[in-house]
$ cat coords-v7.cif   # mmCIF, C-alpha atoms
data_query
#
loop_
_atom_site.group_PDB
_atom_site.id
_atom_site.type_symbol
_atom_site.label_atom_id
_atom_site.label_comp_id
_atom_site.auth_asym_id
_atom_site.auth_seq_id
_atom_site.Cartn_x
_atom_site.Cartn_y
_atom_site.Cartn_z
ATOM 1 C CA MET G 15 0.340 -37.115 49.380
ATOM 2 C CA MET G 16 3.516 -35.276 48.453
ATOM 3 C CA TRP G 17 4.281 -32.259 46.322
ATOM 4 C CA LYS G 18 6.336 -32.146 43.192
ATOM 5 C CA ALA G 19 7.572 -28.989 41.439
ATOM 6 C CA LYS G 20 7.877 -28.947 37.657
ATOM 7 C CA ILE G 21 10.225 -26.100 36.833
ATOM 8 C CA VAL G 22 11.134 -24.541 33.492
ATOM 9 C CA VAL G 23 14.044 -22.095 33.190
ATOM 10 C CA THR G 24 14.338 -20.020 30.010
ATOM 11 C CA TYR G 25 16.211 -16.925 28.883
ATOM 12 C CA LYS G 26 14.732 -13.516 29.526
ATOM 13 C CA PRO G 27 13.408 -11.601 26.516
ATOM 14 C CA GLY G 28 16.206 -9.734 24.792
ATOM 15 C CA ILE G 29 18.903 -12.194 25.845
ATOM 16 C CA LEU G 30 20.313 -13.976 22.856
ATOM 17 C CA ASP G 31 19.503 -17.662 23.089
ATOM 18 C CA PRO G 32 21.878 -19.127 20.526
ATOM 19 C CA GLU G 33 20.632 -22.663 21.060
ATOM 20 C CA ALA G 34 17.026 -21.740 20.277
ATOM 21 C CA LYS G 35 18.169 -19.704 17.275
ATOM 22 C CA THR G 36 20.106 -22.697 15.932
ATOM 23 C CA ILE G 37 17.123 -25.003 16.385
ATOM 24 C CA GLN G 38 14.879 -22.478 14.653
ATOM 25 C CA HIS G 39 17.351 -22.237 11.796
ATOM 26 C CA ALA G 40 17.550 -26.031 11.526
ATOM 27 C CA LEU G 41 13.759 -26.290 11.386
ATOM 28 C CA GLY G 42 13.782 -23.781 8.542
ATOM 29 C CA ASN G 43 16.400 -25.830 6.708
ATOM 30 C CA LEU G 44 14.237 -28.917 7.099
ATOM 31 C CA GLY G 45 11.443 -27.132 5.285
ATOM 32 C CA TYR G 46 9.179 -26.384 8.224
ATOM 33 C CA ARG G 47 7.318 -23.156 7.661
ATOM 34 C CA HIS G 48 5.142 -21.004 9.883
ATOM 35 C CA ILE G 49 7.665 -21.154 12.742
ATOM 36 C CA GLN G 50 7.980 -17.674 14.115
ATOM 37 C CA GLU G 51 10.005 -18.238 17.237
ATOM 38 C CA VAL G 52 11.650 -21.084 19.160
ATOM 39 C CA GLU G 53 12.435 -20.876 22.850
ATOM 40 C CA ALA G 54 14.762 -23.370 24.542
ATOM 41 C CA GLY G 55 15.201 -23.982 28.243
ATOM 42 C CA ARG G 56 15.970 -26.372 31.060
ATOM 43 C CA TYR G 57 13.380 -28.546 32.747
ATOM 44 C CA PHE G 58 13.594 -29.793 36.332
ATOM 45 C CA GLU G 59 11.334 -31.938 38.466
ATOM 46 C CA VAL G 60 11.857 -31.666 42.187
ATOM 47 C CA GLN G 61 10.129 -34.129 44.459
ATOM 48 C CA PHE G 62 9.645 -32.878 48.016
ATOM 49 C CA ASP G 63 9.142 -35.116 51.008
ATOM 50 C CA LYS G 64 5.791 -35.498 52.698
ATOM 51 C CA THR G 65 6.557 -33.109 55.562
ATOM 52 C CA LEU G 66 6.014 -30.086 53.319
ATOM 53 C CA ASN G 67 2.588 -28.608 52.720
ATOM 54 C CA LYS G 68 1.750 -26.668 49.576
ATOM 55 C CA GLU G 69 2.718 -23.296 50.980
ATOM 56 C CA ASP G 70 6.156 -24.472 52.148
ATOM 57 C CA THR G 71 6.681 -26.259 48.857
ATOM 58 C CA GLU G 72 5.973 -23.089 46.951
ATOM 59 C CA SER G 73 8.324 -20.888 48.953
ATOM 60 C CA LEU G 74 11.103 -23.491 48.804
ATOM 61 C CA THR G 75 10.596 -23.867 45.049
ATOM 62 C CA LYS G 76 10.909 -20.123 44.555
ATOM 63 C CA GLU G 77 14.045 -20.046 46.682
ATOM 64 C CA ILE G 78 15.900 -22.777 44.802
ATOM 65 C CA CYS G 79 14.797 -21.353 41.456
ATOM 66 C CA ALA G 80 16.184 -17.929 42.307
ATOM 67 C CA LYS G 81 19.272 -19.166 44.108
ATOM 68 C CA ILE G 82 20.594 -21.948 41.913
ATOM 69 C CA LEU G 83 18.363 -23.286 39.137
ATOM 70 C CA SER G 84 18.285 -19.958 37.313
ATOM 71 C CA ASN G 85 20.651 -17.033 36.968
ATOM 72 C CA PRO G 86 18.379 -14.007 37.391
ATOM 73 C CA VAL G 87 20.708 -11.841 35.292
ATOM 74 C CA ILE G 88 19.811 -13.730 32.126
ATOM 75 C CA GLN G 89 17.061 -16.213 32.940
ATOM 76 C CA LYS G 90 13.493 -16.420 34.180
ATOM 77 C CA TYR G 91 11.659 -19.382 35.657
ATOM 78 C CA ARG G 92 8.145 -20.684 35.946
ATOM 79 C CA TYR G 93 6.857 -23.668 37.827
ATOM 80 C CA GLU G 94 3.791 -25.688 38.599
ATOM 81 C CA LEU G 95 3.171 -27.738 41.703
ATOM 82 C CA LYS G 96 1.559 -31.159 41.436
ATOM 83 C CA GLU G 97 0.330 -33.398 44.166
ATOM 84 C CA VAL G 98 1.592 -36.970 43.707
ATOM 85 C CA ASP G 99 1.072 -40.301 45.475
ATOM 86 C CA GLU G 100 3.814 -41.479 47.801
ATOM 87 C CA MET S 25 54.595 -13.515 47.599
ATOM 88 C CA LYS S 26 52.150 -16.327 48.326
ATOM 89 C CA PHE S 27 49.569 -17.110 45.674
ATOM 90 C CA GLY S 28 46.678 -19.510 46.218
ATOM 91 C CA VAL S 29 45.289 -21.385 43.211
ATOM 92 C CA VAL S 30 41.845 -22.842 43.874
ATOM 93 C CA VAL S 31 41.191 -26.371 42.656
ATOM 94 C CA PHE S 32 37.610 -27.434 41.971
ATOM 95 C CA PRO S 33 36.653 -30.844 40.626
ATOM 96 C CA GLY S 34 37.068 -30.199 36.893
ATOM 97 C CA SER S 35 39.583 -27.338 37.071
ATOM 98 C CA ASN S 36 42.189 -27.882 34.373
ATOM 99 C CA CYS S 37 44.297 -24.723 34.200
ATOM 100 C CA ASP S 38 45.324 -24.938 37.844
ATOM 101 C CA HIS S 39 48.653 -26.579 36.973
ATOM 102 C CA ASP S 40 49.406 -24.074 34.198
ATOM 103 C CA THR S 41 48.801 -21.209 36.588
ATOM 104 C CA TYR S 42 50.878 -22.870 39.307
ATOM 105 C CA HIS S 43 53.688 -23.451 36.808
ATOM 106 C CA VAL S 44 53.825 -19.812 35.730
ATOM 107 C CA LEU S 45 53.886 -18.498 39.283
ATOM 108 C CA LYS S 46 56.388 -21.049 40.553
ATOM 109 C CA LYS S 47 58.715 -21.743 37.640
ATOM 110 C CA VAL S 48 58.491 -18.625 35.517
ATOM 111 C CA LEU S 49 58.235 -16.050 38.308
ATOM 112 C CA GLY S 50 59.782 -18.012 41.198
ATOM 113 C CA GLU S 51 57.008 -17.042 43.607
ATOM 114 C CA GLY S 52 55.353 -18.979 46.399
ATOM 115 C CA VAL S 53 52.229 -20.753 45.252
ATOM 116 C CA PHE S 54 49.915 -23.298 46.831
ATOM 117 C CA TYR S 55 46.848 -25.198 45.690
ATOM 118 C CA ILE S 56 43.657 -24.575 47.641
ATOM 119 C CA TRP S 57 41.220 -27.500 47.521
ATOM 120 C CA HIS S 58 37.669 -26.231 47.109
ATOM 121 C CA LYS S 59 36.722 -27.615 50.522
ATOM 122 C CA ASP S 60 39.482 -25.680 52.288
ATOM 123 C CA THR S 61 38.419 -22.513 54.019
ATOM 124 C CA SER S 62 41.638 -20.984 55.317
ATOM 125 C CA LEU S 63 42.835 -18.183 53.053
ATOM 126 C CA ARG S 64 44.683 -16.017 55.580
ATOM 127 C CA LEU S 65 48.123 -17.025 54.322
ATOM 128 C CA PHE S 66 47.626 -15.855 50.779
ATOM 129 C CA ASP S 67 48.463 -12.502 49.224
ATOM 130 C CA ALA S 68 46.327 -13.184 46.162
ATOM 131 C CA ILE S 69 43.831 -15.854 45.116
ATOM 132 C CA ILE S 70 43.403 -17.181 41.596
ATOM 133 C CA LEU S 71 40.381 -19.085 40.315
ATOM 134 C CA PRO S 72 41.754 -20.977 37.308
ATOM 135 C CA GLY S 73 40.113 -22.077 34.093
ATOM 136 C CA GLY S 74 38.499 -25.430 33.478
ATOM 137 C CA PHE S 75 35.118 -27.043 33.705
ATOM 138 C CA SER S 76 34.286 -27.002 37.397
ATOM 139 C CA TYR S 77 31.629 -29.615 38.165
ATOM 140 C CA GLY S 78 31.451 -30.471 34.483
ATOM 141 C CA ASP S 79 29.720 -27.144 33.757
ATOM 142 C CA TYR S 80 26.537 -28.780 35.043
ATOM 143 C CA LEU S 81 23.475 -26.546 35.316
ATOM 144 C CA ARG S 82 25.335 -23.413 34.131
ATOM 145 C CA VAL S 83 29.023 -22.604 33.906
ATOM 146 C CA GLY S 84 30.316 -21.766 37.379
ATOM 147 C CA ALA S 85 26.910 -22.281 38.997
ATOM 148 C CA VAL S 86 27.803 -25.240 41.195
ATOM 149 C CA ALA S 87 31.345 -24.149 42.117
ATOM 150 C CA ARG S 88 29.796 -21.052 43.598
ATOM 151 C CA PHE S 89 28.464 -23.182 46.462
ATOM 152 C CA SER S 90 31.820 -24.779 47.293
ATOM 153 C CA PRO S 91 32.937 -24.075 50.880
ATOM 154 C CA VAL S 92 35.957 -22.081 49.674
ATOM 155 C CA MET S 93 33.766 -19.567 47.823
ATOM 156 C CA LYS S 94 32.186 -18.193 50.982
ATOM 157 C CA GLU S 95 35.695 -17.406 52.237
ATOM 158 C CA ILE S 96 36.721 -15.941 48.889
ATOM 159 C CA VAL S 97 33.773 -13.542 49.031
ATOM 160 C CA LYS S 98 34.959 -12.389 52.487
ATOM 161 C CA TYR S 99 38.545 -12.194 51.253
ATOM 162 C CA ALA S 100 37.501 -10.045 48.308
ATOM 163 C CA LYS S 101 35.326 -7.777 50.466
ATOM 164 C CA GLU S 102 38.441 -7.069 52.556
ATOM 165 C CA GLY S 103 39.960 -5.593 49.411
ATOM 166 C CA ARG S 104 42.414 -8.408 48.771
ATOM 167 C CA PRO S 105 43.132 -9.456 45.177
ATOM 168 C CA VAL S 106 41.104 -12.196 43.495
ATOM 169 C CA LEU S 107 41.680 -13.086 39.844
ATOM 170 C CA GLY S 108 39.277 -15.330 37.925
ATOM 171 C CA ILE S 109 40.423 -16.692 34.588
ATOM 172 C CA CYS S 110 37.902 -18.168 32.123
ATOM 173 C CA ASN S 111 35.868 -20.601 34.255
ATOM 174 C CA GLY S 112 37.130 -18.597 37.233
ATOM 175 C CA PHE S 113 35.502 -15.490 35.705
ATOM 176 C CA GLN S 114 32.269 -17.435 35.236
ATOM 177 C CA ILE S 115 32.359 -18.462 38.902
ATOM 178 C CA LEU S 116 32.960 -14.864 40.055
ATOM 179 C CA LEU S 117 29.876 -13.758 38.093
ATOM 180 C CA GLU S 118 27.699 -16.516 39.526
ATOM 181 C CA THR S 119 28.958 -15.604 42.993
ATOM 182 C CA GLY S 120 27.995 -11.987 42.457
ATOM 183 C CA LEU S 121 31.493 -10.597 43.072
ATOM 184 C CA LEU S 122 31.298 -9.256 39.523
ATOM 185 C CA PRO S 123 28.165 -8.069 37.670
ATOM 186 C CA GLY S 124 26.639 -9.610 34.547
ATOM 187 C CA ALA S 125 26.755 -13.119 33.108
ATOM 188 C CA LEU S 126 28.532 -15.179 30.474
ATOM 189 C CA ILE S 127 26.374 -16.950 27.919
ATOM 190 C CA ALA S 128 27.169 -19.206 24.954
ATOM 191 C CA ASN S 129 29.313 -17.666 22.217
ATOM 192 C CA ASP S 130 27.338 -16.035 19.421
ATOM 193 C CA GLY S 131 28.411 -18.605 16.852
ATOM 194 C CA LEU S 132 27.669 -21.524 19.191
ATOM 195 C CA ARG S 133 31.227 -22.784 18.788
ATOM 196 C CA PHE S 134 33.988 -23.491 21.238
ATOM 197 C CA LEU S 135 36.613 -20.875 20.384
ATOM 198 C CA CYS S 136 40.271 -21.763 20.808
ATOM 199 C CA GLN S 137 42.433 -19.055 19.253
ATOM 200 C CA ASP S 138 44.760 -16.153 19.939
ATOM 201 C CA VAL S 139 43.062 -12.809 20.374
ATOM 202 C CA TYR S 140 44.227 -9.234 20.832
ATOM 203 C CA LEU S 141 43.196 -7.325 23.918
ATOM 204 C CA LYS S 142 43.239 -3.637 24.637
ATOM 205 C CA VAL S 143 44.203 -2.590 28.162
ATOM 206 C CA LYS S 144 41.461 -0.170 29.214
ATOM 207 C CA ASN S 145 42.595 0.616 32.742
ATOM 208 C CA ARG S 146 46.198 0.220 33.917
ATOM 209 C CA ASP S 147 45.723 1.787 37.375
ATOM 210 C CA THR S 148 44.916 -1.451 39.155
ATOM 211 C CA VAL S 149 46.766 -4.177 41.056
ATOM 212 C CA PHE S 150 46.334 -6.467 38.034
ATOM 213 C CA THR S 151 47.344 -4.161 35.194
ATOM 214 C CA ASN S 152 49.951 -1.705 36.488
ATOM 215 C CA THR S 153 52.805 -3.210 34.435
ATOM 216 C CA TYR S 154 50.926 -2.408 31.206
ATOM 217 C CA GLU S 155 50.336 0.889 29.469
ATOM 218 C CA LYS S 156 46.849 2.231 28.894
ATOM 219 C CA ASP S 157 45.594 1.122 25.438
ATOM 220 C CA GLN S 158 48.483 -1.364 25.151
ATOM 221 C CA VAL S 159 47.568 -4.267 22.865
ATOM 222 C CA LEU S 160 48.164 -7.736 24.296
ATOM 223 C CA LYS S 161 48.064 -11.110 22.593
ATOM 224 C CA MET S 162 46.809 -14.146 24.454
ATOM 225 C CA PRO S 163 44.563 -17.126 23.773
ATOM 226 C CA ILE S 164 40.914 -17.714 24.524
ATOM 227 C CA ALA S 165 39.471 -21.216 24.931
ATOM 228 C CA HIS S 166 35.787 -21.178 25.786
ATOM 229 C CA TYR S 167 32.233 -21.950 24.736
ATOM 230 C CA SER S 168 30.541 -19.561 27.162
ATOM 231 C CA GLY S 169 32.519 -16.342 26.897
ATOM 232 C CA ASN S 170 29.823 -14.044 25.584
ATOM 233 C CA TYR S 171 29.633 -11.333 28.229
ATOM 234 C CA PHE S 172 26.167 -10.002 28.913
ATOM 235 C CA ALA S 173 25.008 -7.204 31.189
ATOM 236 C CA ASP S 174 22.098 -4.767 30.919
ATOM 237 C CA ASP S 175 22.660 -1.202 29.726
ATOM 238 C CA GLU S 176 22.693 0.197 33.223
ATOM 239 C CA ILE S 177 25.513 -2.118 34.321
ATOM 240 C CA LEU S 178 27.440 -1.506 31.100
ATOM 241 C CA LYS S 179 27.211 2.228 31.668
ATOM 242 C CA ARG S 180 28.491 1.832 35.216
ATOM 243 C CA LEU S 181 31.368 -0.332 34.030
ATOM 244 C CA HIS S 182 32.354 2.392 31.554
ATOM 245 C CA ASP S 183 31.804 5.310 33.924
ATOM 246 C CA GLU S 184 33.727 3.682 36.767
ATOM 247 C CA ASP S 185 36.602 2.537 34.548
ATOM 248 C CA ARG S 186 35.884 -1.072 35.367
ATOM 249 C CA ILE S 187 36.431 -2.566 31.942
ATOM 250 C CA ALA S 188 39.829 -4.254 32.124
ATOM 251 C CA PHE S 189 40.196 -5.538 28.564
ATOM 252 C CA GLN S 190 38.313 -5.312 25.263
ATOM 253 C CA TYR S 191 38.808 -7.560 22.249
ATOM 254 C CA CYS S 192 40.524 -5.597 19.490
ATOM 255 C CA ASN S 193 42.646 -6.064 16.368
ATOM 256 C CA ALA S 194 46.456 -5.870 16.259
ATOM 257 C CA ASP S 195 46.203 -2.085 15.969
ATOM 258 C CA GLY S 196 43.991 -1.785 19.019
ATOM 259 C CA ASP S 197 40.749 -1.050 17.158
ATOM 260 C CA VAL S 198 37.624 -2.362 18.856
ATOM 261 C CA SER S 199 34.753 -3.319 16.544
ATOM 262 C CA ASP S 200 31.928 -5.810 16.120
ATOM 263 C CA GLN S 201 33.917 -7.537 13.366
ATOM 264 C CA ILE S 202 36.800 -8.299 15.688
ATOM 265 C CA ASN S 203 34.602 -9.390 18.601
ATOM 266 C CA PRO S 204 35.074 -13.188 18.699
ATOM 267 C CA ASN S 205 32.130 -14.244 20.843
ATOM 268 C CA GLY S 206 29.451 -11.541 20.832
ATOM 269 C CA SER S 207 30.377 -10.005 24.192
ATOM 270 C CA LYS S 208 28.652 -6.693 24.917
ATOM 271 C CA HIS S 209 31.003 -3.822 24.025
ATOM 272 C CA GLY S 210 33.685 -6.405 23.214
ATOM 273 C CA ILE S 211 34.314 -6.915 26.912
ATOM 274 C CA ALA S 212 36.964 -9.548 27.711
ATOM 275 C CA GLY S 213 37.496 -8.716 31.379
ATOM 276 C CA ILE S 214 36.040 -6.533 34.140
ATOM 277 C CA PHE S 215 36.852 -5.313 37.648
ATOM 278 C CA ASN S 216 34.661 -5.019 40.716
ATOM 279 C CA GLU S 217 33.987 -1.600 42.240
ATOM 280 C CA ASN S 218 37.200 -1.535 44.248
ATOM 281 C CA LYS S 219 39.222 -3.083 41.419
ATOM 282 C CA ASN S 220 40.624 -5.806 43.637
ATOM 283 C CA VAL S 221 38.656 -8.473 41.760
ATOM 284 C CA LEU S 222 39.348 -9.135 38.079
ATOM 285 C CA GLY S 223 37.521 -11.634 35.890
ATOM 286 C CA MET S 224 38.715 -12.298 32.351
ATOM 287 C CA MET S 225 38.000 -14.850 29.625
ATOM 288 C CA PRO S 226 41.462 -14.898 27.945
ATOM 289 C CA HIS S 227 44.215 -17.010 29.479
ATOM 290 C CA PRO S 228 47.236 -14.978 30.662
ATOM 291 C CA GLU S 229 48.843 -18.132 32.073
ATOM 292 C CA ARG S 230 48.970 -19.560 28.543
ATOM 293 C CA ALA S 231 50.839 -16.511 27.281
ATOM 294 C CA ALA S 232 53.576 -16.244 29.866
ATOM 295 C CA GLU S 233 56.641 -17.831 28.256
ATOM 296 C CA LYS S 234 58.565 -17.288 25.035
ATOM 297 C CA ILE S 235 57.985 -20.874 23.956
ATOM 298 C CA LEU S 236 54.243 -20.138 23.988
ATOM 299 C CA ALA S 237 54.731 -17.344 21.421
ATOM 300 C CA SER S 238 53.532 -14.620 23.757
ATOM 301 C CA GLU S 239 54.595 -13.362 27.152
ATOM 302 C CA ASP S 240 51.927 -10.682 27.274
ATOM 303 C CA GLY S 241 49.963 -12.465 29.993
ATOM 304 C CA LEU S 242 52.839 -12.358 32.441
ATOM 305 C CA GLY S 243 52.160 -8.685 33.131
ATOM 306 C CA ILE S 244 49.041 -9.540 35.117
ATOM 307 C CA PHE S 245 50.947 -11.704 37.577
ATOM 308 C CA LYS S 246 53.851 -9.233 37.665
ATOM 309 C CA SER S 247 51.443 -6.403 38.434
ATOM 310 C CA LEU S 248 50.372 -8.255 41.562
ATOM 311 C CA LEU S 249 54.047 -8.502 42.580
ATOM 312 C CA GLU S 250 54.641 -4.804 41.925
ATOM 313 C CA ARG S 251 51.872 -3.999 44.308
ATOM 314 C CA ASN S 252 53.480 -5.943 47.144
#

$ encode --input "coords-v7.cif" --output "structure tokens"
Amino acid sequence: MMWKAKIVVTYKPGILDPEAKTIQHALGNLGYRHIQEVEAGRYFEVQFDKTLNKEDTESLTKEICAKILSNPVIQKYRYELKEVDE
Amino acid sequence: MKFGVVVFPGSNCDHDTYHVLKKVLGEGVFYIWHKDTSLRLFDAIILPGGFSYGDYLRVGAVARFSPVMKEIVKYAKEGRPVLGICNGFQILLETGLLPGALIANDGLRFLCQDVYLKVKNRDTVFTNTYEKDQVLKMPIAHYSGNYFADDEILKRLHDEDRIAFQYCNADGDVSDQINPNGSKHGIAGIFNENKNVLGMMPHPERAAEKILASEDGLGIFKSLLERN
């Protein structure tokens, strides 16, 4: 079994996300109601090799999220780890 | 004087910058490939505009990990001058040599237009040929030029006189109406603590010859010469 990280990077609260705002506006123009807020982000899947256990996978995931996949000044990240077949 | 102009895959203002330094000012200038790591020879380093690594992931995010950047961080920490223009500014922020971040313009449009800039601090190696509050005209050309920093950083930038340029009108008035991209406090360029690193969104190298309708950008390169 190997581990896979599913990572989502979004803007922090209070940071203008112009893309999400535009999508929200477009939804309004299309007649969709009841939409209070739209959040946009980037999605990554990282497949680790089989030498890593869950603990190592988690610390490596956190490291690459903080170091490159997100910019901590403006973005936050969340992830889930999934066990997958080789 | 020997200038080094860094070339990343996707840089596209490297030749403009080279041209200004070589042909307009008659100075020594050399390209530095992003895999090169020897910067000893250079009196100043310039990170030019462009779309390094296709702007993949985030603007400037991948260039930050180029071999040359590690050396540029050392070079800057020694107090030697580093100028980042447009994409170069974005790279300096990602690298952490300057605080804050650049996000998409408020209007979600690529902006390509002349702007007016107010010189906020002229006591630096980059701005000493200008007067304080002098109004400069030069172009911007960017999609992600919306400067963001939290209130604490903004206060420090103000208190420590680290705002280089603010967007303004022809009379030098700074206001939300004149701010082209939504940047906090209309910030167009900032210095690091020691003011030997400058990052700016406008393009001084595109306003350095009469034929380009403005020579206001030339002062930045001339300031570096004055210092020598």

$ closest_residue --input "coords-v7.cif" --among "G:Glu33, G:Glu51, G:Asp70, G:Asp63" --to "chain S" --atoms "all atoms listed in the file"
G:Glu33

$ residues_around --input "coords-v7.cif" --residues "region 36-44 of chain G" --least-positions-apart "2" --cutoff "12 Å" --atoms "only C-alpha atoms" --output "VMD selection string"
(chain G and resid 30 to 34 46 to 54) or (chain S and resid 128 130 to 133)

$ resolve_selection --input "coords-v7.cif" --expression "the PyMOL selection byres ((chain G) within 8 of (chain S))" --output "list in words"
Pro32, Glu33, Ile82, Leu83, Asn85, Val87 and Ile88 of chain G

$ closest_residue --input "coords-v7.cif" --among "G:Ile78, G:Lys96, G:Tyr57, G:Lys35" --to "Ala19 (chain G)" --atoms "all atoms listed in the file"
G:Lys96

$ resolve_selection --input "coords-v7.cif" --expression "the PyMOL selection byres ((chain S and resi 210-214) around 8)" --output "number ranges by chain"
S: 122, 141, 171, 181, 186-192, 198-200, 203, 206-209, 215-216, 222-226

$ atom_distance --input "coords-v7.cif" --atom1 "CA of Asp185 (chain S)" --atom2 "CA of Lys144 (chain S)"
7.7 Å

$ atom_distance --input "coords-v7.cif" --atom1 "CA of Phe150 (chain S)" --atom2 "CA of Gly103 (chain S)"
13.1 Å

$ axis_aligned_box --input "coords-v7.cif" --around "region 83-86 of chain G" --padding-each-side "8 Å" --output "lines of an AutoDock Vina configuration file"
center_x = 19.5
center_y = -18.6
center_z = 38.1
size_x = 18.4
size_y = 25.3
size_z = 18.2

$ atom_distance --input "coords-v7.cif" --atom1 "CA of Cys37 (chain S)" --atom2 "CA of Gln158 (chain S)"
25.4 Å

$ residues_near_point --input "coords-v7.cif" --point "(37.5, -12.6, 43.0)" --cutoff "6 Å" --atoms "only C-alpha atoms" --output "count of residues only"
5

$ resolve_selection --input "coords-v7.cif" --expression "the PyMOL selection byres ((chain S and resi 92-99) around 8)" --output "list in words"
Trp57, His58, Lys59, Asp60, Thr61, Ser62, Leu63, Ala87, Arg88, Phe89, Ser90, Pro91, Ala100, Lys101, Glu102, Gly103, Arg104, Val106, Thr119 and Leu121 of chain S

$ residues_around --input "coords-v7.cif" --residues "region 39-50 of chain S" --least-positions-apart "6" --cutoff "8 Å" --atoms "all atoms listed in the file" --output "list in words"
Phe27, Val29, Pro72, Glu229, Arg230, Ala232, Glu233 and Phe245 of chain S

$ closest_residue --input "coords-v7.cif" --among "G:Ile21, G:Ile29, G:Phe62, G:Glu72" --to "Val98 (chain G)" --atoms "only C-alpha atoms"
G:Phe62

$ residues_around --input "coords-v7.cif" --residues "region 24-28 of chain G" --least-positions-apart "3" --cutoff "6 Å" --atoms "all atoms listed in the file" --output "ChimeraX atom specification"
/G:55,88-90
